[in-house]
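Undergrad: The structure's right below; bear with me while I get my questions together.
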Amino acid sequence: MSTEEMVDWSSLPADLVSRVSDCFLATNDLDYYMSFRAVCHPWRSATTDPKTSHERRFYPTQWIILDEFYQNGHGRLFLNARTGRFLRKAVPLRGYCWCYRSYTSNSYILLTTTTGGFLILVDYDTSPPCAVSILNPFTGYSIRFSAPLPVSHETEITAAVVGPLPTLVLASVDSDDVYWADPLSETFHVEKYGNSPASRLPMIGAKYAPDVRASAAASLPFSYANKLFEEEMRMGSRCFVVAWDDGEVLLVFKQAGKRVVAHRVDSAGHVVEKVKSIGSRALFLGTRCLVVDADRFPTIGPNKIYYLREENPVDEYGCVYDVEDDIYAYAIEGDTENVVSSSVCAFLHGRLTAIQLISNYAVDIDPLYARALLKHQGSVYFQIVAEDLTDGDNTQS
């Protein structure tokens with residue numbers, strides 16, 4: 001093809017450029033969207049800059065940061081739960097670098113991540129001390145909060161980002177405390193909750209969105225669902241809350257020796273129905289609950305719920321005893337439960353499968369445990385078996 005016949009891609013109609021970019025946003029492939037905008041000036045002019053927009057479509061909502069407390073020379077490992085794509089992406093944070101056996105110099109320390117892909121950071125080197133920031137690692141969009149971190153950075157925390165401002169909600173795993181703040185709040189507000197607030201953050205966080213707080217119904221979202229959750233807790237059930245579609249959540253209950261039961265709760269907090277099928281998706285239960293598209297992973301079964309059989313069991317004297325912590329799968333269709341994978345304690349079992357990686361993210365958010373794990377095995381901890389990587393796209397940026 002001669003030079004005169006070559007297509008000038010920069011001259012594509014603006015509406016077509018916008019439609020192509022919307023395809024990336026539909027699957028939450030924000031890194032592709034940013035690369036697309038970087039091609040030329042006309043394409044940037046035809047699309048919205050995420051760094052200047054509070055629109056939720058630019059929020060990371062499908063990404064899992066599998067090695068959040070680990071850092072090496074190749075960046076952190078991200079997984080798009082909807083498309084099955086693994087991504088190695090450099091995130092300049094201070095932390096232990098296994099490859100170089102030293103700490104990096106950046107002042108930001110990673111506190112935790114949201115199940116969608118936001119990074120919650122703490123900056124110890126500026127005023128105010130322990131300043132908290134939210135970082136979108138794909139667009140570079142960042143918001144710094146005026147309020148200092150209300151807990152130690154080594155506290156086990158789950159986090160949610162709600163509303164367009166946005167509001168940051170933190171829930172302690174080891175206590176009943178829930179903290180929330182807007183970017184201009186001078187301090188984090190704190191409220192006491194009973195019965196594992198960290199494990200039901202998708203419900204609790206909804207009430208702190210600015211539009212909900214400003215309404216007369218601020219105390220109503222999920223009130224009945226929370227009551228159902230607490231009743232199951234009193235009966236000894238293991239209880240989980242999973243963020244679902246369009247503001248809905250799933251309540252999942254597992255009683256010892258009994259089947260798993262899931263209820264769908266709509267965005268108004270009404271318990272709509274018992275769930276009989278989740279289609280091609282799979283649930284991973286833990287302190288942080290996840291939804292993945294099982295069709296994108298050859299080793300993950302559709303319409304199944306994955307969990308550890310037991311967490312921290314105690315004997316009659318109140319002492320924790322050792323049991324197998326194998327990963328179980330409950331098949332919703334067929335009402336059966338079986339062991340599908342060995343322990344998530346990777347340093348005892350070698351290379352990990354996708355099931356083990358995702359289960360470990362859901363269950364373990366203790367940075368001290370993660371560092372101990374790395375001490376035993378280092379970078380081998382994040383090797384993934386070939387059949388899981390080759391089925392999806394594996395990229396690096």
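Chain identifiers are assigned as A, B, and so on, following the order in which chains appear in the structure tokens; residues are numbered from 1 within each chain, and ligands are numbered from 1 in order of appearance.
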Counting only C-alpha atoms, what are the residues of region 57-87 of chain A within 9 Å of region 136-142 of chain A, and for each of them which pair of atoms is the nearest and at what distance in Å, to one decimal? Sort the table by chain and rising number, as CSV.

TA:
```
residue,atom,partner,partner_atom,distance
A:Phe58,CA,A:Thr139,CA,7.9
A:Tyr59,CA,A:Asn136,CA,7.2
A:Pro60,CA,A:Asn136,CA,6.9
```

Undergrad: Give me, as number ranges by chain, all polymer residues having an atom no more than 9 Å from Ala46 (chain A), counting only C-alpha atoms and skipping those fewer than 4 positions away in the same chain.

TA: A: 13-15, 17-18, 37, 41-42

Undergrad: Can you tell me which residues surround Glu186 (chain A) at a distance of at most 9 Å, considering only C-alpha atoms, apart from same-chain residues fewer than 5 positions away, and format the answer as a PyMOL selection string?

TA: chain A and resi 145-148+181

Undergrad: Given the selection you just returned, output its residues as a file containing N, CA and C atoms, formatted as a compact mmCIF listing (two decimals), in the first residue's frame.

TA:
```txt
# COMPACT_ATOMS: atom_id res chain seq x y z
N PHE A 145 -7.06 12.69 51.32
CA PHE A 145 -8.00 13.01 52.37
C PHE A 145 -7.33 13.88 53.43
N SER A 146 -8.10 14.83 53.96
CA SER A 146 -7.57 15.69 55.02
C SER A 146 -7.42 14.94 56.33
N ALA A 147 -8.30 13.96 56.56
CA ALA A 147 -8.29 13.23 57.83
C ALA A 147 -7.13 12.23 57.87
N PRO A 148 -6.41 12.16 58.99
CA PRO A 148 -5.34 11.16 59.12
C PRO A 148 -5.92 9.77 59.35
N ALA A 181 -14.99 8.79 55.93
CA ALA A 181 -14.63 10.19 55.78
C ALA A 181 -14.80 10.61 54.32
```

Undergrad: Quick one: residues within 12 Å of Val260 (chain A), only C-alpha atoms counted, chain neighbours fewer than 5 positions away excluded, as a VMD selection string?

TA: chain A and resid 237 to 240 251 to 255 274 to 276 283 285 304 to 307 309 328 to 337

Undergrad: For Ile64 (chain A), work out the shell of residues within 9 Å, counting only C-alpha atoms and skipping chain neighbours fewer than 5 positions away, then give it as a PyMOL selection string.

TA: chain A and resi 77-81+113-117+290+358+361

Undergrad: Let me see the file: selected residues, N, CA and C atoms, as a short mmCIF file (atom, residue, chain, number, x, y, z; two decimals), in the first residue's frame.

TA:
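So again27.cif came out as:
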```cif
data_model
loop_
_atom_site.label_atom_id
_atom_site.label_comp_id
_atom_site.auth_asym_id
_atom_site.auth_seq_id
_atom_site.Cartn_x
_atom_site.Cartn_y
_atom_site.Cartn_z
N LEU A 77 0.57 -7.88 40.51
CA LEU A 77 -0.23 -8.73 39.65
C LEU A 77 -1.71 -8.41 39.83
N PHE A 78 -2.35 -7.93 38.77
CA PHE A 78 -3.77 -7.60 38.76
C PHE A 78 -4.52 -8.67 37.96
N LEU A 79 -5.78 -8.87 38.32
CA LEU A 79 -6.64 -9.81 37.61
C LEU A 79 -7.99 -9.16 37.37
N ASN A 80 -8.42 -9.14 36.12
CA ASN A 80 -9.77 -8.68 35.78
C ASN A 80 -10.71 -9.86 35.94
N ALA A 81 -11.56 -9.81 36.97
CA ALA A 81 -12.42 -10.94 37.30
C ALA A 81 -13.49 -11.18 36.24
N THR A 113 -6.57 -2.78 49.75
CA THR A 113 -7.17 -2.54 48.44
C THR A 113 -8.65 -2.85 48.52
N THR A 114 -9.41 -2.25 47.62
CA THR A 114 -10.82 -2.62 47.50
C THR A 114 -10.93 -3.78 46.54
N THR A 115 -12.05 -4.49 46.59
CA THR A 115 -12.22 -5.64 45.71
C THR A 115 -12.42 -5.23 44.26
N GLY A 116 -12.60 -3.95 44.00
CA GLY A 116 -12.70 -3.48 42.62
C GLY A 116 -11.37 -3.10 42.03
N GLY A 117 -10.40 -2.68 42.88
CA GLY A 117 -9.08 -2.34 42.38
C GLY A 117 -8.52 -1.02 42.84
N LEU A 290 -15.68 -12.23 46.43
CA LEU A 290 -15.41 -11.89 45.04
C LEU A 290 -16.34 -12.65 44.10
N ILE A 358 -7.06 -16.65 44.07
CA ILE A 358 -8.24 -15.84 44.36
C ILE A 358 -8.75 -16.13 45.77
N TYR A 361 -6.63 -14.27 48.29
CA TYR A 361 -6.97 -12.85 48.36
C TYR A 361 -8.25 -12.63 49.17
#
```

Undergrad: Taking only region 217-264 of chain A into account, list the residues labelled strand (DSSP E or B) by DSSP (computed from the backbone), as number ranges by chain.

TA: A: 238-243, 249-254, 260-264

Undergrad: CA of Asp22 (chain A) and CA of Thr52 (chain A) are how many Å apart?

TA: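 According to the coordinates, CA of Asp22 (chain A) and CA of Thr52 (chain A) are separated by 17.2 Å.
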
Undergrad: With only C-alpha atoms counted and 12 Å as the cut-off, give the residues of region 241-318 of chain A in contact with region 154-171 of chain A, each with its shortest interatomic distance in Å and the pair that gives it, as a tab-separated table.

TA:
```
residue	atom	partner	partner_atom	distance
A:Ala243	CA	A:Ala160	CA	11.0
A:Gly247	CA	A:Val162	CA	10.9
A:Gly286	CA	A:Thr158	CA	11.4
A:Thr287	CA	A:Thr158	CA	7.9
A:Arg288	CA	A:Thr158	CA	7.4
A:Cys289	CA	A:Thr158	CA	10.8
```

Undergrad: So that I have them on file, write out the residues from the current selection with N, CA and C atoms, as a PDB file, in the first residue's frame.

TA:
```pdb
ATOM      1  N   ALA A 243     -20.962  -8.293  46.780  1.00  0.00           N
ATOM      2  CA  ALA A 243     -21.477  -7.249  45.904  1.00  0.00           C
ATOM      3  C   ALA A 243     -21.900  -7.868  44.587  1.00  0.00           C
ATOM      4  N   GLY A 247     -25.954  -2.427  42.339  1.00  0.00           N
ATOM      5  CA  GLY A 247     -26.204  -2.067  43.724  1.00  0.00           C
ATOM      6  C   GLY A 247     -26.795  -3.181  44.568  1.00  0.00           C
ATOM      7  N   GLY A 286     -14.914 -15.080  51.804  1.00  0.00           N
ATOM      8  CA  GLY A 286     -13.888 -14.835  52.807  1.00  0.00           C
ATOM      9  C   GLY A 286     -14.143 -13.491  53.454  1.00  0.00           C
ATOM     10  N   THR A 287     -13.113 -12.924  54.046  1.00  0.00           N
ATOM     11  CA  THR A 287     -13.256 -11.582  54.604  1.00  0.00           C
ATOM     12  C   THR A 287     -13.633 -10.598  53.510  1.00  0.00           C
ATOM     13  N   ARG A 288     -13.087 -10.816  52.313  1.00  0.00           N
ATOM     14  CA  ARG A 288     -13.493 -10.077  51.122  1.00  0.00           C
ATOM     15  C   ARG A 288     -14.071 -11.080  50.135  1.00  0.00           C
ATOM     16  N   CYS A 289     -15.290 -10.859  49.701  1.00  0.00           N
ATOM     17  CA  CYS A 289     -15.950 -11.790  48.790  1.00  0.00           C
ATOM     18  C   CYS A 289     -15.849 -11.287  47.357  1.00  0.00           C
TER      19      CYS A 289
END
```

Undergrad: Please indicate the distance in Å from CA of Asn195 (chain A) to CA of Glu230 (chain A), rounded to one decimal place.

TA: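 Atom-to-atom, CA of Asn195 (chain A) to CA of Glu230 (chain A), that is 6.6 Å.
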
Undergrad: Which one of A:Leu184, A:Leu135, A:Ala294, A:Ala362 sits closest to Val241 (chain A) if you count only C-alpha atoms?

TA: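 Of all the options, A:Ala362 lies closest to Val241 (chain A).
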
Undergrad: Using only C-alpha atoms, which of the listed residues (A:Val178, A:Arg76, A:Trp244, A:Tyr32) sits closest to Leu119 (chain A)?

TA: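 The shortest atom-to-atom distance to Leu119 (chain A) comes from A:Arg76.
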
Undergrad: Write out as JSON, numbers by chain which residues come within 12 Å of Pro129 (chain A) when counting only C-alpha atoms, dropping same-chain ones fewer than 3 positions away.

TA: {"A": [107, 108, 122, 123, 124, 125, 126, 132, 145, 146, 147, 148, 149, 150]}

Undergrad: Write out the residues from the selection above, keeping N, CA, C and O atoms, as a PDB file, in the first residue's frame.

TA:
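Now in selection-v5.pdb:
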```
ATOM      1  N   SER A 107       7.182   7.410  49.574  1.00  0.00           N
ATOM      2  CA  SER A 107       6.645   7.652  50.913  1.00  0.00           C
ATOM      3  C   SER A 107       5.305   6.964  51.153  1.00  0.00           C
ATOM      4  O   SER A 107       4.856   6.875  52.287  1.00  0.00           O
ATOM      5  N   TYR A 108       4.640   6.495  50.113  1.00  0.00           N
ATOM      6  CA  TYR A 108       3.327   5.888  50.287  1.00  0.00           C
ATOM      7  C   TYR A 108       3.435   4.415  50.691  1.00  0.00           C
ATOM      8  O   TYR A 108       4.210   3.652  50.111  1.00  0.00           O
ATOM      9  N   VAL A 122      -1.259   5.269  52.553  1.00  0.00           N
ATOM     10  CA  VAL A 122      -0.955   6.113  53.703  1.00  0.00           C
ATOM     11  C   VAL A 122       0.400   6.769  53.460  1.00  0.00           C
ATOM     12  O   VAL A 122       1.370   6.102  53.094  1.00  0.00           O
ATOM     13  N   ASP A 123       0.456   8.095  53.653  1.00  0.00           N
ATOM     14  CA  ASP A 123       1.693   8.847  53.454  1.00  0.00           C
ATOM     15  C   ASP A 123       2.198   9.321  54.811  1.00  0.00           C
ATOM     16  O   ASP A 123       1.552  10.135  55.483  1.00  0.00           O
ATOM     17  N   TYR A 124       3.368   8.815  55.230  1.00  0.00           N
ATOM     18  CA  TYR A 124       3.912   9.148  56.545  1.00  0.00           C
ATOM     19  C   TYR A 124       4.883  10.328  56.512  1.00  0.00           C
ATOM     20  O   TYR A 124       5.329  10.798  57.557  1.00  0.00           O
ATOM     21  N   ASP A 125       5.210  10.820  55.314  1.00  0.00           N
ATOM     22  CA  ASP A 125       6.271  11.807  55.216  1.00  0.00           C
ATOM     23  C   ASP A 125       5.788  13.239  55.002  1.00  0.00           C
ATOM     24  O   ASP A 125       6.593  14.146  54.811  1.00  0.00           O
ATOM     25  N   THR A 126       4.484  13.461  54.987  1.00  0.00           N
ATOM     26  CA  THR A 126       3.976  14.801  54.744  1.00  0.00           C
ATOM     27  C   THR A 126       3.016  15.207  55.849  1.00  0.00           C
ATOM     28  O   THR A 126       2.667  14.418  56.720  1.00  0.00           O
ATOM     29  N   VAL A 132      -4.252   9.865  54.267  1.00  0.00           N
ATOM     30  CA  VAL A 132      -4.803   8.760  53.493  1.00  0.00           C
ATOM     31  C   VAL A 132      -5.159   9.243  52.091  1.00  0.00           C
ATOM     32  O   VAL A 132      -5.688  10.353  51.921  1.00  0.00           O
ATOM     33  N   PHE A 145      -7.059  12.685  51.320  1.00  0.00           N
ATOM     34  CA  PHE A 145      -8.005  13.014  52.369  1.00  0.00           C
ATOM     35  C   PHE A 145      -7.331  13.876  53.434  1.00  0.00           C
ATOM     36  O   PHE A 145      -6.160  13.674  53.755  1.00  0.00           O
ATOM     37  N   SER A 146      -8.098  14.827  53.964  1.00  0.00           N
ATOM     38  CA  SER A 146      -7.569  15.685  55.017  1.00  0.00           C
ATOM     39  C   SER A 146      -7.420  14.938  56.334  1.00  0.00           C
ATOM     40  O   SER A 146      -6.536  15.241  57.135  1.00  0.00           O
ATOM     41  N   ALA A 147      -8.300  13.964  56.558  1.00  0.00           N
ATOM     42  CA  ALA A 147      -8.289  13.232  57.830  1.00  0.00           C
ATOM     43  C   ALA A 147      -7.135  12.231  57.867  1.00  0.00           C
ATOM     44  O   ALA A 147      -6.897  11.518  56.896  1.00  0.00           O
ATOM     45  N   PRO A 148      -6.415  12.156  58.985  1.00  0.00           N
ATOM     46  CA  PRO A 148      -5.339  11.158  59.120  1.00  0.00           C
ATOM     47  C   PRO A 148      -5.924   9.767  59.352  1.00  0.00           C
ATOM     48  O   PRO A 148      -7.075   9.625  59.782  1.00  0.00           O
ATOM     49  N   LEU A 149      -5.119   8.775  59.093  1.00  0.00           N
ATOM     50  CA  LEU A 149      -5.540   7.393  59.305  1.00  0.00           C
ATOM     51  C   LEU A 149      -5.903   7.171  60.773  1.00  0.00           C
ATOM     52  O   LEU A 149      -5.106   7.478  61.658  1.00  0.00           O
ATOM     53  N   PRO A 150      -7.096   6.614  61.059  1.00  0.00           N
ATOM     54  CA  PRO A 150      -7.527   6.470  62.454  1.00  0.00           C
ATOM     55  C   PRO A 150      -6.986   5.231  63.152  1.00  0.00           C
ATOM     56  O   PRO A 150      -7.240   5.035  64.342  1.00  0.00           O
TER      57      PRO A 150
END
```

Undergrad: Mind giving me the straight-line distance from CA of Glu55 (chain A) to CA of Arg85 (chain A) in Å, one decimal?

TA: 23.7 Å
